[in-house]
Amino acid sequence: MMQQQQRPTNSRNQITLRGSTKIIVEFFEYCINSLLFQRGLYAPEYFKMTKKYGLNMLVTNDPEVKSHMREILKQVEAWLMACKVEKLILAIKSKETMTVLERWQFDIHNTKDQSSTFSTSTKTTNTDSFSRPLAGAGQDTSTTAPSLSSPSKPKPEKTEKEIQTEIQAILRQITASVSFLPMLDEKCTWTILCQTEKDAEVPATWSDADPHLVHNAEQVKLRSFSTNLHKIDALVAYRLNDDL
Amino acid sequence: MSSPTSDPDLVRRFMNRPQHSPFTGNSNTAAPGSAEVRTPFSEKRPTPSATPPTPSRLGPGSSFQPLWSGSENASPAMYESTRKKLRDTQYELSSTKTELERKIVTMEQAARESDILKRKLMARVDSLESDRRFLYEQERSLTKKVQALEEDSIQSKMASNEIIKDLRDENMSIKDRLSQTQEESREKQSELTQRVRTLAASLTHQQQTLAETQDSSHSQSSLVAEKHQKLVEALDRIMELEDQNRQLKLNTQGMEDVVRVQKELQNQVAYIKQLEGTNRQLTTECKHLKDTYRNVEVLKEEKLSLEQKLKLMDDLRIKCGKYEVQNGVLLKEKEQWTAFLEKSDKTDYNSPYELAKMIATLRGDKAALVEVRDEFQEALKARDAYIEQLEQQLSELKTKLVEQEEFCAKLSSIARRHEMTKDFALRQVESLKEQLKSYDTEEVQLMGGSYDNQKNIRIEQLEKLVQECQAKLESMAASANSAAEESSAGSAATLAFLQTIQNQSSVTFSKLCAEKQSLVESKLAIQSELELLRKENSSLDAKILEHEIAIGAGAFNPAISRVLEIKDSPAARHQAVRQQMLDALKEENAALLQSLTGLQQQQQSAGHLLGLQQEAFGDQEVALQDKNVVPAASYNRLLGDFKLLQEEFADNDKRSKRLKQSWTLKADEFLDAVRSLLGYKVNFLDNGRVELISVYNAEEQQSFVFTSGQNDEGTMQLIGSGSQKYMEEHKESFDHWVNQLGSIPAFLSRVTLDLVEQQAHQLRVQEQQLQQHPHYRPFQSLVEDDDDTQNSDMMVDP
């Protein structure tokens with residue numbers, strides 16, 4: 001009985017995971033494009049306006065940037081499908097000093113795939129101190145529904161429109177957040193970091209990197225949105241001016 | 001008669017006077033104040049000296065004559081006598097006259113003498129006065145001189161004072177200078193002494209080194225001398241041998257000897273050569289030793305510095321030892337501490353954190369216990385109050401009891417009194433009875449049987465009364481007894497009841513107390529747990545915050561996750577470019593430095609050799625400079641820069657292209673907007689001509705072309721098929737709108753309106769035709785196509 005029940009749910013899971021991943025990757029694409037435009041990393045001529053999420057979004061039309069972004073997002077999608085991504089980070093650095101000035105961080109939580117988080121959390125509770133709350137939450141939910149598969153939970157599924165409104169809100173907030181962020185006076189460059197689990201498959205084009213810590217950081221938590229499988233928390237950390 | 005007598009007296013007096021006066025005058029002439037004496041002489045002198053006055057004297061004599069004449073007349077005897085008398089008198093007069101004359105002469109002589117004296121005196125006085133004047137003048141001049149001299153002296157004093165002041169100042173300044181110079185000299189002295197010392201030290205050092213070098217050189221020279229001596233000896237020997245050889249030659253001995261000698265000679269020559277070689281070797285060795293000696297000195301200095309370092313290291317070692325000792329002490333302390341903990345508690349406190357935690361828990365326990373104690377104290381207080389209340393009640397009861405007892409005692413005393421009174425009354429009664437009886441008997445005996453009945457009755461009544469009283473008393477006593485009994489029984493019952501109640505309450509109280517205690521304990525435990533949890537919670541919250549901030553700043557746990565970055569990110573690209581640039585610059589810098597040092601060396605060598613071979617090296621140097629001025633690295637770097645610039649240029653090109661693209665897009669958008677809003681497709685032709693094609697034109701070739709000349713005066717022409725007709729069609733409206741009202745836009749809109757109306761008309765006609773011939777498809781499709789092209793634009797219209 002259990003197996004018979006699980007099979008369709010698994011297949012459903014696969015489908016929803018793909019859908020959810022698609023939504024998230026699309027969000028990342030527009031979000032990063034929007035940030036590149038708003039933080040002035042490229043000239044406005046590099047962007048063209050398109051309608052998305054009921055908003056006028058600016059997307060780059062520079063083939064180089066486009067292909068670069070496509071490459072990154074393809075890999076992110078693969079990791080998302082494997083549930084290995086923890087965070088996606090857009091770091092904005094000064095060209096002159098190479099110090100990190102801003103760090104847009106998107107935490108990706110797998111909300112439905114509790115078994116995997118449970119297993120990882122049990123593995124890591126001894127070593128990792130600050131993943132405890134998350135792991136605890138995972139344990140709680142797993143104890144309440146120990147053997148049942150996740151879709152049997154009574155949580156109502158979100159419609160695409162709801163997700164879209166959430167994404168719209170978060171993008172609006174990002175646009176608005178430009179007002180309080182310090183001006184980027186110097187020439188800047190950017191890079192995208194991906195925080196994955198240890199056992200994630202890494203292609204040859206990717207390599208381990210510096211976490212791009214922001215020193216003397218002020219941080220603002222932004223809105224979050226969630227699909228049926230993932231929850232995305234946004235956060236921006238920016239370097240305060242030294243004289244302030 | 002009296003008068004002649006008086007006259008001689010007077011003469012006498014006159015006579016006496018000059019007699020006296022010469023003497024006195026003579027005596028007085030010596031006196032300086034002879035001027036006073038002179039005056040009487042001058043006054044009296046006229047009288048005797050004046051001879052003419054004699055007649056005048058006769059005058060008075062004549063005046064006497066009358067007197068005498070009178071008398072002559074009288075008597076001639078008397079005349080005679082008077083004559084005689086006159087003669088006497090005359091004589092007397094003449095004598096006196098002579099006397100007087102003599103006296104006058106003497107007097108005159110005296111006067112003359114005195115005059116001379118006077119003159120002399122006057123002269124003397126004059127001389128004295130002149131002397132005096134002279135002296136006065138002299139004095140005056142002298143005083144003037146003195147004053148002048150005094151002034152001079154004051155001035156000179158002032159001047160001298162000033163000079164003294166100046167001199168003092170000078171003295172002071174000189175003293176200051178002296179002290180300064182002394183200090184300077186001292187400083188210089190100290191400096192010089194220091195220098196002298198240092199120089200002496202260096203001198204001694206130099207002397208030492210000199211002595212050493214001298215020693216070494218001595219030894220070397222001695223060695224050289226020895227060698228030289230040996231050489232000389234060898235040369236002597238050679239000479240000897242040569243002599244011998246010559247002698248031998250002269251002697252012309254056998255060839256063998258010659259050969260032998262030659263061999264010997266060769267040997268000797270070889271030996272000499274060897275010696276020379278060794279000598280050379282030794283000299284070179286000597287040079288080498290000198291060099292090594294220098295090196296040794298350098299090494300000595302190094303050794304000294306190393307020794308100093310060693311000293312420092314020793315200090316450090318001592319410090320290190322101290323620290324080790326401290327560390328040992330601390331470790332021991334820690335061990336003691338941990339041992340103490342292990343021994344006493346047998347709990348595994350490995351870290352101070354756990355200890356602190358334990359202390360915190362103990363503190364919480366303590367606080368809880370204190371609370372419990374307080375609660376207990378409160379309960380105790382309440383109980384004490386209750387006990388006090390009970391004691392109060394007890395005391396009240398006791399007082400009541402006492403009162404009751406007193407009351408009882410009173411009652412009993414009253415009863416006793418009553419009994420006593422009863423006894424007394426009974427005795428009285430009895431005595432009265434006896435009295436009565438005795439009275440009765442007395443009466444009986446006395447009265448003889450006259451018995452008073454009334455009395456008896458009365459007595460009986462009284463007796464009855466007494467009995468009643470007794471009965472009453474008894475009843476009263478009984479009732480009192482019963483009442484006492486009743487009261488005692490009641491109190492006992494209440495006591496028993498109270499006791500039972502107390503027992504019951506105490507039992508329940510103890511139960512409740514136990515329950516309460518257990519509850520309090522559990523509460524305490526819970527509270528302490530709660531507090532611990534709260535603390536843990538707060539600390540965890542703090543940690544969470546910290547970690548959140550850290551995560552926000554970008555921290556991650558490398559044990560479970562990794563941060564990945566695509567290798568070819570824009571930042572990495574930028575970094576790579578910069579790195580490349582840096583490398584190139586470094587390379588260039590190194591090459592340039594190398595060439596610089598080369599040049600410097602060349603210059604130095606050139607400087608050395610310039611004097612000798614200036615011309616020979618000049619060309620070469622120039623050639624070398626030309627060769628090494630630009631290293632390859634800088635060229636490469638410049639190439640890299642060039643590439644970068646090219647890239648930038650390409651970037652800029654791209655940007656401009658993109659701008660152009662966006663501009664054309666915008667222009668298209670604009671034209672589109674114009675077309676859809678105003679109904680004309682606008683084509684900008686060359687020479688500033690503008691072609692307008694109406695959207696509603698049936699034939700696309702029909703269009704207006706405007707050329708604008710100067711002052712906005714232009715031409716308009718129609719192009720395309722049927723232009724003539726088209727032009728004629730719109731001739732009227734053109735005349736009206738353009739020529740009369742001067743508005744091209746109005747004309748254009750008129751045309752548009754006309755065309756739209758035409759189309760509408762055509763459409764209507766077609767629809768009618770369609771209704772008439774519904775099966776005629778090709779036409780319809782054609783029309784529809786036409787409609788499509790035109791209606792699509794219509795659709796776009798807002």
# chains A, B, ... in the order shown; residues from 1 in each chain; ligands from 1

call {"tool": "interface_residues", "arguments": {"of": "chain B", "to": "chain A", "cutoff": "6 Å", "atoms": "only C-alpha atoms", "output": "ChimeraX atom specification"}}
result
/B:553-554,560-567,569,571

call {"tool": "residues_around", "arguments": {"residues": "Gly40 (chain A)", "least_positions_apart": "6", "cutoff": "10 Å", "atoms": "only C-alpha atoms", "output": "PyMOL selection string"}}
result
chain A and resi 34+183-185+187-189

call {"tool": "write_last_selection", "arguments": {"atoms": "all heavy atoms", "output": "mmCIF file, in the first residue's frame"}}
result
data_model
loop_
_atom_site.group_PDB
_atom_site.id
_atom_site.type_symbol
_atom_site.label_atom_id
_atom_site.label_comp_id
_atom_site.auth_asym_id
_atom_site.auth_seq_id
_atom_site.Cartn_x
_atom_site.Cartn_y
_atom_site.Cartn_z
ATOM 1 N N SER A 34 17.682 42.751 -12.955
ATOM 2 C CA SER A 34 17.174 43.996 -12.382
ATOM 3 C C SER A 34 18.231 44.646 -11.478
ATOM 4 O O SER A 34 18.446 45.866 -11.514
ATOM 5 C CB SER A 34 15.910 43.682 -11.584
ATOM 6 O OG SER A 34 15.486 44.801 -10.911
ATOM 7 N N MET A 183 25.433 54.823 -2.134
ATOM 8 C CA MET A 183 25.754 55.014 -3.547
ATOM 9 C C MET A 183 27.020 54.232 -3.910
ATOM 10 O O MET A 183 27.972 54.188 -3.137
ATOM 11 C CB MET A 183 26.025 56.488 -3.813
ATOM 12 C CG MET A 183 24.804 57.343 -3.788
ATOM 13 S SD MET A 183 23.846 57.214 -5.286
ATOM 14 C CE MET A 183 24.906 58.105 -6.401
ATOM 15 N N LEU A 184 27.005 53.642 -5.069
ATOM 16 C CA LEU A 184 28.218 52.975 -5.549
ATOM 17 C C LEU A 184 28.974 53.980 -6.417
ATOM 18 O O LEU A 184 28.704 54.145 -7.595
ATOM 19 C CB LEU A 184 27.847 51.730 -6.355
ATOM 20 C CG LEU A 184 27.115 50.643 -5.565
ATOM 21 C CD1 LEU A 184 26.685 49.533 -6.492
ATOM 22 C CD2 LEU A 184 27.987 50.082 -4.484
ATOM 23 N N ASP A 185 29.882 54.693 -5.766
ATOM 24 C CA ASP A 185 30.579 55.775 -6.466
ATOM 25 C C ASP A 185 31.648 55.238 -7.415
ATOM 26 O O ASP A 185 31.903 55.815 -8.456
ATOM 27 C CB ASP A 185 31.237 56.709 -5.449
ATOM 28 C CG ASP A 185 30.197 57.353 -4.570
ATOM 29 O OD1 ASP A 185 29.109 57.626 -5.100
ATOM 30 O OD2 ASP A 185 30.463 57.582 -3.385
ATOM 31 N N LYS A 187 33.788 52.293 -9.698
ATOM 32 C CA LYS A 187 33.426 51.310 -10.715
ATOM 33 C C LYS A 187 33.356 49.934 -10.061
ATOM 34 O O LYS A 187 34.221 49.571 -9.267
ATOM 35 C CB LYS A 187 34.483 51.304 -11.805
ATOM 36 C CG LYS A 187 34.316 52.442 -12.783
ATOM 37 C CD LYS A 187 35.228 52.255 -13.973
ATOM 38 C CE LYS A 187 34.964 53.316 -15.020
ATOM 39 N NZ LYS A 187 35.848 53.159 -16.168
ATOM 40 N N CYS A 188 32.327 49.200 -10.426
ATOM 41 C CA CYS A 188 32.102 47.926 -9.740
ATOM 42 C C CYS A 188 32.003 46.787 -10.744
ATOM 43 O O CYS A 188 31.698 46.978 -11.913
ATOM 44 C CB CYS A 188 30.822 47.991 -8.918
ATOM 45 S SG CYS A 188 30.982 49.100 -7.554
ATOM 46 N N THR A 189 32.257 45.622 -10.210
ATOM 47 C CA THR A 189 32.044 44.423 -10.988
ATOM 48 C C THR A 189 31.254 43.449 -10.119
ATOM 49 O O THR A 189 31.011 43.714 -8.956
ATOM 50 C CB THR A 189 33.376 43.827 -11.444
ATOM 51 O OG1 THR A 189 33.112 42.667 -12.202
ATOM 52 C CG2 THR A 189 34.259 43.468 -10.273
#

call {"tool": "closest_residue", "arguments": {"among": "B:Ala555, B:Ile163, B:Ala480, B:Leu665", "to": "Phe407 (chain B)", "atoms": "only C-alpha atoms"}}
result
B:Ala480

call {"tool": "closest_residue", "arguments": {"among": "A:Ile163, A:Leu171, A:His230, A:Ala176", "to": "Met81 (chain A)", "atoms": "only C-alpha atoms"}}
result
A:His230

call {"tool": "select_by_dssp", "arguments": {"residues": "region 39-110 of chain A", "states": "strand (DSSP E)", "output": "PyMOL selection string"}}
result
chain A and resi 47-52+55-60+85-94+100-110

call {"tool": "residues_around", "arguments": {"residues": "region 410-422 of chain B", "least_positions_apart": "4", "cutoff": "12 Å", "atoms": "only C-alpha atoms", "output": "list in words"}}
result
Val402, Glu403, Gln404, Glu405, Glu406, Leu426, Arg427, Gln428, Val429, Glu430, Val466, Gln467, Cys469, Gln470, Ala471, Lys472, Leu473, Glu474, Ser475, Met476, Ala477, Ala478, Ser479, Ala480, Asn481, Ala483 and Ala484 of chain B

call {"tool": "atom_distance", "arguments": {"atom1": "CA of Leu41 (chain A)", "atom2": "CA of Phe28 (chain A)"}}
result
16.8 Å

call {"tool": "residues_around", "arguments": {"residues": "region 744-754 of chain B", "least_positions_apart": "4", "cutoff": "10 Å", "atoms": "only C-alpha atoms", "output": "list of chain:residue names"}}
result
B:Leu678, B:Gly679, B:Tyr680, B:Leu692, B:Ser694, B:Val695, B:Tyr696, B:Asn697, B:Phe704, B:Glu729, B:His730, B:Ser733, B:Phe734, B:Asp735, B:His736, B:Trp737, B:Val738, B:Asn739, B:Gln758, B:Gln759, B:Ala760

call {"tool": "atom_distance", "arguments": {"atom1": "CA of His109 (chain A)", "atom2": "CA of Thr227 (chain A)"}}
result
10.2 Å
